[in-house]
Amino acid sequence: MKQLCPTHHRKTPSPTLLALAATTALLAAAPAQADTGKLLLTGGVSSVEGSAGGGLSPWAVIGSQAAEGETGVSAYLSRAVTQDYGLSAAGVAVGINDRVELSFGHQDFNTRATGTALGLPGLHLRQNILGAKVRVAGDAMLDSDSLMPQLAVGIQAKRLQSSGLDGTLAALGAKRDGVDVYLSATKLFLAQGILVNGTLRATKANQNGLLGFGATLGGADNGYQLMPELSVAWLLSKNVAVGFEYRAMPNKLQRAGAAAGLGNGLRADDWMDLFVAWAPSKNLSLTAAYVNLGRIVPATTSGKKQTGVYLSAQVAF
Amino acid sequence: MKTFITSATLTLLAMASGHAIAQSMAMAAKPPAAPAVTPASAYPMAPAAGLYQAFGEQAGIRALMDDFVVRLKADARIGEQFKDTQLDHLAQQLTDQVCQLAGGPCVYKGPDMKEAHANMDVKRSHFNALVEVLQQSMDARGIPFTRQNQLLALLAPMHRDVVNTR
């Protein structure tokens with residue numbers, strides 16, 4: 001089961017630098033920069049995959065501060081630390097005409113003791129995510145006289161970079177490329193100051209893609225599954241929102257893991273968080289959350305539910 | 001938990017399709033309790049209880065609007081649109097309109113929102129800017145956040161008539 005591969009030492013620019021460089025380039029190129037833009041917090045924050053929304057889920061809102069007729073850009077840096085793992089994420093998103101959103105996200109997952117247990121000390125699982133989202137109907141914020149939410153469809157094309165884990169994933173029948181497709185419905189109930197988002201995501205991603213996509217070993221179900229996601233945010237003031245998110249996760253690796261002799265060692269659970277978001281200005285938002293990512297490779301982590309802190313900063317123009 | 005999340009998500013999506021059905025049904029049978037369509041708002045909704053009082057009734061609303069129109073004219077983003085506006089007249093119109101919407105005894109007799117903005121190029125970003133300025137005025141008057149949102153909820157649907165430039 002253990003695959004020993006020579007460790008790679010490629011010199012690639014850090015995702016942070018890439019994100020900042022991309023932001024600068026886009027700002028220079030954008031024809032009609034968002035100088036008036038959106039109301040505070042109504043562009044959402046950046047999700048861990050790079051799409052605008054909550055921290056875990058893409059919402060129907062289009063990212064950046066660009067309102068209709070404008071182009072805007074946002075960039076983010078996020079970090080989550082649980083008992084056994086660390087996740088860093090960074091990326092950029094472009095919002096066009098409050099209609100189309102294009103995003104790029106990079107994730108770097110430090111496997112720590114799990115990597116060591118697999119004979120791959122220092123293993124980082126890295127993933128790139130290209131996102132596209134289109135608002136197809138509705139207005140999340142201002143149609144307060146109607147129950148109609150804002151609707152958007154989106155796609156996330158994900159690629160897990162080659163690592164020492166390649167062989168293991170191949171043995172389980174998990175691919176390193178995958179595409180998630182989703183439909184989101186977002187509504188701000190303005191009089192009540194509550195925002196609700198529901199997302200239905202068709203996905204094969206194991207742990208959001210960090211453990212590959214799908215699984216075939218042991219007759220595991222390798223098809224797309226429809227996963228529901230829910231975010232609820234209470235606006236406490238113009239600048240502060242608190243809320244929670246719940247993101248259902250497929251559990252395709254459990255069966256494959258059992259077939260490989262690991263029992264329930266590759267079981268996955270749903271993700272959730274409790275968050276507070278603060279926007280000191282229109283251009284900056286900071287999010288802190290308590291996250292519960294459930295079991296991630298319980299075989300090497302004593303079946304612990306991975307809980308911890310998530311911090312994220314987003315700049316948006 | 002997953003079942004709950006799925007039902008909640010599907011409910012939200014169903015609201016969207018249900019909205020279309022509800023709209024066609026409403027065309028056939030208008031609910032008796034709905035406030036009448038007036039120039040004050042073509043998208044009438046019942047105001048939250050106590051909203052008119054929370055804003056200090058007519059005097060309080062007038063003070064708010066006096067402050068609001070001054071800020072509008074001074075705003076870097078949309079001030080230009082108000083350079084020829086008679087601020088006193090605008091403040092009076094806004095007072096009547098907001099007073100009526102908030103459940104007060106006023107009657108707004110001015111033009112409807114489409115007419116009132118027909119000669120201006122109003123983009124969505126201008127509308128957003130105006131909302132922000134109104135929030136600033138309400139903050140300055142110490143209006144609680146919840147009440148601010150209750151008023152904004154009555155005004156927000158006007159974007160459909162006010163925003164005329166895409």
# chains A, B, ... in the order shown; residues from 1 in each chain; ligands from 1

$ residues_around --residues "Leu230 of chain A" --least-positions-apart "4" --cutoff "8 Å" --atoms "only C-alpha atoms" --output "PyMOL selection string"
(chain A and resi 57+196-199+245-247) or (chain B and resi 5+8-9)

$ residues_around --residues "Gln107 of chain A" --least-positions-apart "3" --cutoff "10 Å" --atoms "only C-alpha atoms" --output "list in words"
Pro15, Val48, Glu49, Gly50, Ser78, Arg79, Leu87, Ser88, Ala89, Ala90, Gly91, Asn110, His124, Leu125, Arg126, Gln127, Asn128, Ile129, Leu160, Gly209 and Leu210 of chain A

$ write_last_selection --atoms "C-alpha atoms" --output "PDB file, in the first residue's frame"
ATOM      1  CA  PRO A  15       0.586  30.794  -4.565  1.00  0.00           C
ATOM      2  CA  VAL A  48     -11.785  27.630   0.265  1.00  0.00           C
ATOM      3  CA  GLU A  49     -12.091  26.693  -3.428  1.00  0.00           C
ATOM      4  CA  GLY A  50     -11.861  30.255  -4.690  1.00  0.00           C
ATOM      5  CA  SER A  78      -6.947  31.460   4.011  1.00  0.00           C
ATOM      6  CA  ARG A  79      -5.582  29.069   6.582  1.00  0.00           C
ATOM      7  CA  LEU A  87      -4.706  23.755   4.927  1.00  0.00           C
ATOM      8  CA  SER A  88      -3.582  26.924   3.178  1.00  0.00           C
ATOM      9  CA  ALA A  89      -5.565  28.394   0.347  1.00  0.00           C
ATOM     10  CA  ALA A  90      -5.080  31.427  -1.854  1.00  0.00           C
ATOM     11  CA  GLY A  91      -6.552  32.670  -5.080  1.00  0.00           C
ATOM     12  CA  ASN A 110      -0.107  19.527   4.922  1.00  0.00           C
ATOM     13  CA  HIS A 124       1.766  18.192   0.932  1.00  0.00           C
ATOM     14  CA  LEU A 125      -1.275  17.616  -1.232  1.00  0.00           C
ATOM     15  CA  ARG A 126      -1.714  20.544  -3.576  1.00  0.00           C
ATOM     16  CA  GLN A 127      -4.683  21.279  -5.762  1.00  0.00           C
ATOM     17  CA  ASN A 128      -5.527  23.931  -8.360  1.00  0.00           C
ATOM     18  CA  ILE A 129      -9.136  24.872  -8.957  1.00  0.00           C
ATOM     19  CA  LEU A 160      -4.585  17.462  -7.692  1.00  0.00           C
ATOM     20  CA  GLY A 209     -10.424  16.800  -4.147  1.00  0.00           C
ATOM     21  CA  LEU A 210      -7.420  16.558  -1.861  1.00  0.00           C
TER      22      LEU A 210
END

$ residues_around --residues "Thr42 of chain A" --least-positions-apart "2" --cutoff "8 Å" --atoms "only C-alpha atoms" --output "list in words"
Lys38, Leu39, Leu40, Gly44, Val61 and Met141 of chain A

$ atom_distance --atom1 "atom CA of Gly79 of chain B" --atom2 "atom CA of Ala140 of chain B"
19.1 Å

$ closest_atom_pairs --of "chain B" --to "chain A" --cutoff "7 Å" --atoms "only C-alpha atoms" --output "CSV"
residue,atom,partner,partner_atom,distance
B:Lys2,CA,A:Ala248,CA,6.6
B:Ile5,CA,A:Pro228,CA,6.2
B:Thr6,CA,A:Pro228,CA,5.2
B:Thr9,CA,A:Gly198,CA,4.4
B:Leu12,CA,A:Gly198,CA,6.3
B:Leu13,CA,A:Ala185,CA,6.1
B:Met15,CA,A:Met148,CA,6.2
B:Ala16,CA,A:Met148,CA,4.9
B:His19,CA,A:Met148,CA,5.9
B:Tyr43,CA,A:Asp145,CA,6.9
B:Met45,CA,A:Asp145,CA,6.5
B:Arg77,CA,A:Thr36,CA,6.7
B:Arg124,CA,A:Glu68,CA,6.0
B:Ser125,CA,A:Gly37,CA,5.2
B:His126,CA,A:Thr36,CA,6.9
B:Asn128,CA,A:Lys38,CA,6.2
B:Ala129,CA,A:Thr36,CA,6.3
B:Phe145,CA,A:Ser237,CA,6.2
B:Asn149,CA,A:Ala191,CA,5.1
B:Gln150,CA,A:Ala191,CA,4.3
B:Ala153,CA,A:Ala191,CA,5.2
B:Ala156,CA,A:Leu142,CA,4.9
B:Pro157,CA,A:Asp143,CA,5.1
B:Arg166,CA,A:Gly69,CA,6.2

$ write_last_selection --atoms "C-alpha atoms" --output "tab-separated table (two decimals), in the first residue's frame"
chain	number	residue	atom	x	y	z
B	2	LYS	CA	-27.84	15.53	5.55
B	5	ILE	CA	-29.71	20.15	4.62
B	6	THR	CA	-31.02	18.60	1.42
B	9	THR	CA	-31.54	23.50	-0.01
B	12	LEU	CA	-34.71	27.40	-1.31
B	13	LEU	CA	-34.55	26.24	-4.91
B	15	MET	CA	-38.92	29.01	-3.75
B	16	ALA	CA	-37.50	30.12	-7.05
B	19	HIS	CA	-42.20	32.13	-7.18
B	43	TYR	CA	-44.00	47.15	-4.98
B	45	MET	CA	-45.18	45.66	1.34
B	77	ARG	CA	-20.02	59.13	-6.76
B	124	ARG	CA	-27.05	49.82	-10.25
B	125	SER	CA	-23.84	51.11	-8.70
B	126	HIS	CA	-25.48	54.56	-8.28
B	128	ASN	CA	-26.04	51.06	-4.24
B	129	ALA	CA	-24.21	54.30	-3.49
B	145	PHE	CA	-29.61	48.47	12.55
B	149	ASN	CA	-32.98	47.14	7.38
B	150	GLN	CA	-36.75	47.21	7.80
B	153	ALA	CA	-36.57	46.34	2.75
B	156	ALA	CA	-35.00	48.10	-2.08
B	157	PRO	CA	-37.49	46.79	-4.68
B	166	ARG	CA	-27.40	48.78	-17.65

$ select_by_dssp --residues "segment 74-313 of chain A" --states "alpha helix (DSSP H)" --output "PyMOL selection string"
chain A and resi 112-117+166-172+252-259

$ residues_around --residues "Thr287 of chain A" --least-positions-apart "6" --cutoff "10 Å" --atoms "only C-alpha atoms" --output "PDB file with N, CA and C atoms, in the first residue's frame"
ATOM      1  N   VAL A  45     -17.689  36.230   0.803  1.00  0.00           N
ATOM      2  CA  VAL A  45     -16.238  36.137   1.021  1.00  0.00           C
ATOM      3  C   VAL A  45     -15.727  35.125  -0.006  1.00  0.00           C
ATOM      4  N   SER A  46     -14.461  34.719   0.106  1.00  0.00           N
ATOM      5  CA  SER A  46     -13.934  33.732  -0.824  1.00  0.00           C
ATOM      6  C   SER A  46     -13.973  32.364  -0.170  1.00  0.00           C
ATOM      7  N   GLY A  54     -19.615  31.595   0.871  1.00  0.00           N
ATOM      8  CA  GLY A  54     -19.183  31.454   2.252  1.00  0.00           C
ATOM      9  C   GLY A  54     -17.773  30.881   2.249  1.00  0.00           C
ATOM     10  N   GLY A  55     -17.357  30.367   3.413  1.00  0.00           N
ATOM     11  CA  GLY A  55     -16.014  29.798   3.461  1.00  0.00           C
ATOM     12  C   GLY A  55     -15.928  28.409   2.854  1.00  0.00           C
ATOM     13  N   SER A  78      -6.234  32.128   2.928  1.00  0.00           N
ATOM     14  CA  SER A  78      -6.947  31.460   4.011  1.00  0.00           C
ATOM     15  C   SER A  78      -6.074  30.397   4.634  1.00  0.00           C
ATOM     16  N   VAL A 240     -20.570  43.382  10.185  1.00  0.00           N
ATOM     17  CA  VAL A 240     -20.334  42.101  10.847  1.00  0.00           C
ATOM     18  C   VAL A 240     -21.465  41.119  10.594  1.00  0.00           C
ATOM     19  N   ALA A 241     -21.092  39.907  10.236  1.00  0.00           N
ATOM     20  CA  ALA A 241     -22.067  38.839  10.077  1.00  0.00           C
ATOM     21  C   ALA A 241     -21.554  37.603  10.802  1.00  0.00           C
ATOM     22  N   VAL A 242     -22.476  36.863  11.397  1.00  0.00           N
ATOM     23  CA  VAL A 242     -22.109  35.578  11.993  1.00  0.00           C
ATOM     24  C   VAL A 242     -22.995  34.518  11.375  1.00  0.00           C
ATOM     25  N   PHE A 275     -18.975  30.757  11.821  1.00  0.00           N
ATOM     26  CA  PHE A 275     -18.066  31.826  11.425  1.00  0.00           C
ATOM     27  C   PHE A 275     -18.526  33.199  11.878  1.00  0.00           C
ATOM     28  N   VAL A 276     -17.553  34.103  11.893  1.00  0.00           N
ATOM     29  CA  VAL A 276     -17.842  35.522  12.033  1.00  0.00           C
ATOM     30  C   VAL A 276     -17.058  36.235  10.939  1.00  0.00           C
ATOM     31  N   ALA A 277     -17.722  37.105  10.207  1.00  0.00           N
ATOM     32  CA  ALA A 277     -17.079  37.860   9.130  1.00  0.00           C
ATOM     33  C   ALA A 277     -17.166  39.336   9.453  1.00  0.00           C
ATOM     34  N   TRP A 278     -16.056  40.005   9.264  1.00  0.00           N
ATOM     35  CA  TRP A 278     -15.975  41.436   9.579  1.00  0.00           C
ATOM     36  C   TRP A 278     -15.419  42.153   8.368  1.00  0.00           C
ATOM     37  N   ALA A 279     -16.129  43.192   7.907  1.00  0.00           N
ATOM     38  CA  ALA A 279     -15.667  43.981   6.776  1.00  0.00           C
ATOM     39  C   ALA A 279     -15.402  45.405   7.247  1.00  0.00           C
ATOM     40  N   TYR A 310     -10.156  28.512  11.465  1.00  0.00           N
ATOM     41  CA  TYR A 310     -10.003  28.928  10.069  1.00  0.00           C
ATOM     42  C   TYR A 310      -9.943  30.447  10.060  1.00  0.00           C
ATOM     43  N   LEU A 311      -8.962  30.987   9.352  1.00  0.00           N
ATOM     44  CA  LEU A 311      -8.855  32.440   9.209  1.00  0.00           C
ATOM     45  C   LEU A 311      -8.737  32.776   7.740  1.00  0.00           C
ATOM     46  N   SER A 312      -9.383  33.840   7.332  1.00  0.00           N
ATOM     47  CA  SER A 312      -9.323  34.209   5.922  1.00  0.00           C
ATOM     48  C   SER A 312      -9.360  35.717   5.775  1.00  0.00           C
ATOM     49  N   ALA A 313      -8.600  36.222   4.835  1.00  0.00           N
ATOM     50  CA  ALA A 313      -8.618  37.652   4.519  1.00  0.00           C
ATOM     51  C   ALA A 313      -8.871  37.794   3.030  1.00  0.00           C
ATOM     52  N   GLN A 314      -9.733  38.718   2.685  1.00  0.00           N
ATOM     53  CA  GLN A 314     -10.035  38.946   1.281  1.00  0.00           C
ATOM     54  C   GLN A 314      -9.973  40.435   0.981  1.00  0.00           C
TER      55      GLN A 314
END

$ closest_residue --among "B:Gln135, B:Asn164, B:Gln148, B:Thr38" --to "Tyr52 of chain B" --atoms "only C-alpha atoms"
B:Gln148

$ closest_residue --among "B:Val163, B:Val98, B:Cys106, B:Ala54" --to "Arg147 of chain B" --atoms "only C-alpha atoms"
B:Ala54

$ select_by_dssp --residues "segment 20-227 of chain A" --states "strand (DSSP E or B)" --output "JSON, numbers by chain"
{"A": [33, 45, 46, 52, 53, 58, 71, 72, 73, 74, 75, 76, 77, 78, 79, 80, 81, 82, 86, 87, 88, 89, 90, 91, 92, 93, 94, 95, 96, 100, 101, 102, 103, 104, 105, 106, 107, 108, 109, 110, 124, 125, 126, 127, 128, 129, 130, 131, 132, 133, 134, 135, 136, 137, 150, 151, 152, 153, 154, 155, 156, 157, 158, 159, 160, 175, 177, 178, 179, 180, 181, 182, 183, 184, 185, 186, 187, 188, 189, 194, 195, 196, 197, 198, 199, 200, 201, 202, 203, 205, 213, 225, 226, 227]}

$ residues_around --residues "Glu57 of chain B" --least-positions-apart "3" --cutoff "10 Å" --atoms "only C-alpha atoms" --output "PyMOL selection string"
chain B and resi 50-54+60-62+95+99+102-105

$ write_last_selection --atoms "C-alpha atoms" --output "PDB file, in the first residue's frame"
ATOM      1  CA  GLY B  50     -43.629  50.359  14.921  1.00  0.00           C
ATOM      2  CA  LEU B  51     -41.386  51.424  12.055  1.00  0.00           C
ATOM      3  CA  TYR B  52     -42.904  54.880  11.673  1.00  0.00           C
ATOM      4  CA  GLN B  53     -42.457  55.546  15.386  1.00  0.00           C
ATOM      5  CA  ALA B  54     -38.937  54.147  15.376  1.00  0.00           C
ATOM      6  CA  GLY B  60     -37.862  62.492  12.634  1.00  0.00           C
ATOM      7  CA  ILE B  61     -38.165  61.408   9.021  1.00  0.00           C
ATOM      8  CA  ARG B  62     -37.886  65.039   7.863  1.00  0.00           C
ATOM      9  CA  THR B  95     -40.291  62.580   3.700  1.00  0.00           C
ATOM     10  CA  CYS B  99     -43.604  58.412   5.893  1.00  0.00           C
ATOM     11  CA  ALA B 102     -43.337  53.271   6.931  1.00  0.00           C
ATOM     12  CA  GLY B 103     -47.024  53.282   7.877  1.00  0.00           C
ATOM     13  CA  GLY B 104     -47.447  56.964   8.670  1.00  0.00           C
ATOM     14  CA  PRO B 105     -50.456  59.139   7.825  1.00  0.00           C
TER      15      PRO B 105
END

$ residues_around --residues "Gly214 of chain A" --least-positions-apart "6" --cutoff "8 Å" --atoms "only C-alpha atoms" --output "ChimeraX atom specification"
/A:173-175,204-206,221-223,252-253

$ atom_distance --atom1 "atom CA of Asp177 of chain A" --atom2 "atom CA of Gln225 of chain A"
16.0 Å

$ atom_distance --atom1 "atom CA of Gly95 of chain A" --atom2 "atom CA of Ser64 of chain A"
5.5 Å

$ decode --residues "segment 96-112 of chain A" --atoms "N, CA and C atoms" --output "mmCIF file, in the first residue's frame"
data_model
loop_
_atom_site.group_PDB
_atom_site.id
_atom_site.type_symbol
_atom_site.label_atom_id
_atom_site.label_comp_id
_atom_site.auth_asym_id
_atom_site.auth_seq_id
_atom_site.Cartn_x
_atom_site.Cartn_y
_atom_site.Cartn_z
ATOM 1 N N ILE A 96 -17.554 39.988 -13.454
ATOM 2 C CA ILE A 96 -17.848 40.768 -14.662
ATOM 3 C C ILE A 96 -19.331 41.064 -14.721
ATOM 4 N N ASN A 97 -19.661 42.381 -14.666
ATOM 5 C CA ASN A 97 -21.047 42.811 -14.872
ATOM 6 C C ASN A 97 -22.017 42.215 -13.856
ATOM 7 N N ASP A 98 -21.494 41.782 -12.723
ATOM 8 C CA ASP A 98 -22.312 41.104 -11.708
ATOM 9 C C ASP A 98 -23.079 39.924 -12.313
ATOM 10 N N ARG A 99 -22.470 39.316 -13.311
ATOM 11 C CA ARG A 99 -23.144 38.258 -14.031
ATOM 12 C C ARG A 99 -22.255 37.000 -14.113
ATOM 13 N N VAL A 100 -20.965 37.219 -14.337
ATOM 14 C CA VAL A 100 -20.033 36.111 -14.551
ATOM 15 C C VAL A 100 -18.878 36.228 -13.563
ATOM 16 N N GLU A 101 -18.472 35.106 -13.031
ATOM 17 C CA GLU A 101 -17.331 35.083 -12.115
ATOM 18 C C GLU A 101 -16.351 34.021 -12.585
ATOM 19 N N LEU A 102 -15.090 34.420 -12.663
ATOM 20 C CA LEU A 102 -14.036 33.464 -12.994
ATOM 21 C C LEU A 102 -13.077 33.443 -11.810
ATOM 22 N N SER A 103 -12.676 32.255 -11.400
ATOM 23 C CA SER A 103 -11.818 32.205 -10.219
ATOM 24 C C SER A 103 -10.718 31.177 -10.388
ATOM 25 N N PHE A 104 -9.647 31.412 -9.668
ATOM 26 C CA PHE A 104 -8.561 30.451 -9.584
ATOM 27 C C PHE A 104 -8.217 30.304 -8.104
ATOM 28 N N GLY A 105 -8.153 29.059 -7.648
ATOM 29 C CA GLY A 105 -7.791 28.819 -6.259
ATOM 30 C C GLY A 105 -6.714 27.765 -6.159
ATOM 31 N N HIS A 106 -5.857 27.927 -5.192
ATOM 32 C CA HIS A 106 -4.799 26.953 -4.939
ATOM 33 C C HIS A 106 -4.910 26.505 -3.491
ATOM 34 N N GLN A 107 -4.857 25.197 -3.284
ATOM 35 C CA GLN A 107 -4.918 24.657 -1.926
ATOM 36 C C GLN A 107 -3.650 23.865 -1.638
ATOM 37 N N ASP A 108 -3.176 23.991 -0.423
ATOM 38 C CA ASP A 108 -1.973 23.263 -0.010
ATOM 39 C C ASP A 108 -2.296 22.609 1.327
ATOM 40 N N PHE A 109 -2.384 21.289 1.301
ATOM 41 C CA PHE A 109 -2.824 20.526 2.460
ATOM 42 C C PHE A 109 -1.628 19.788 3.045
ATOM 43 N N ASN A 110 -1.250 20.150 4.260
ATOM 44 C CA ASN A 110 -0.107 19.527 4.922
ATOM 45 C C ASN A 110 -0.584 18.283 5.658
ATOM 46 N N THR A 111 -0.115 17.110 5.251
ATOM 47 C CA THR A 111 -0.641 15.867 5.812
ATOM 48 C C THR A 111 0.035 15.436 7.102
ATOM 49 N N ARG A 112 1.117 16.114 7.457
ATOM 50 C CA ARG A 112 1.793 15.879 8.734
ATOM 51 C C ARG A 112 1.959 14.399 9.069
#
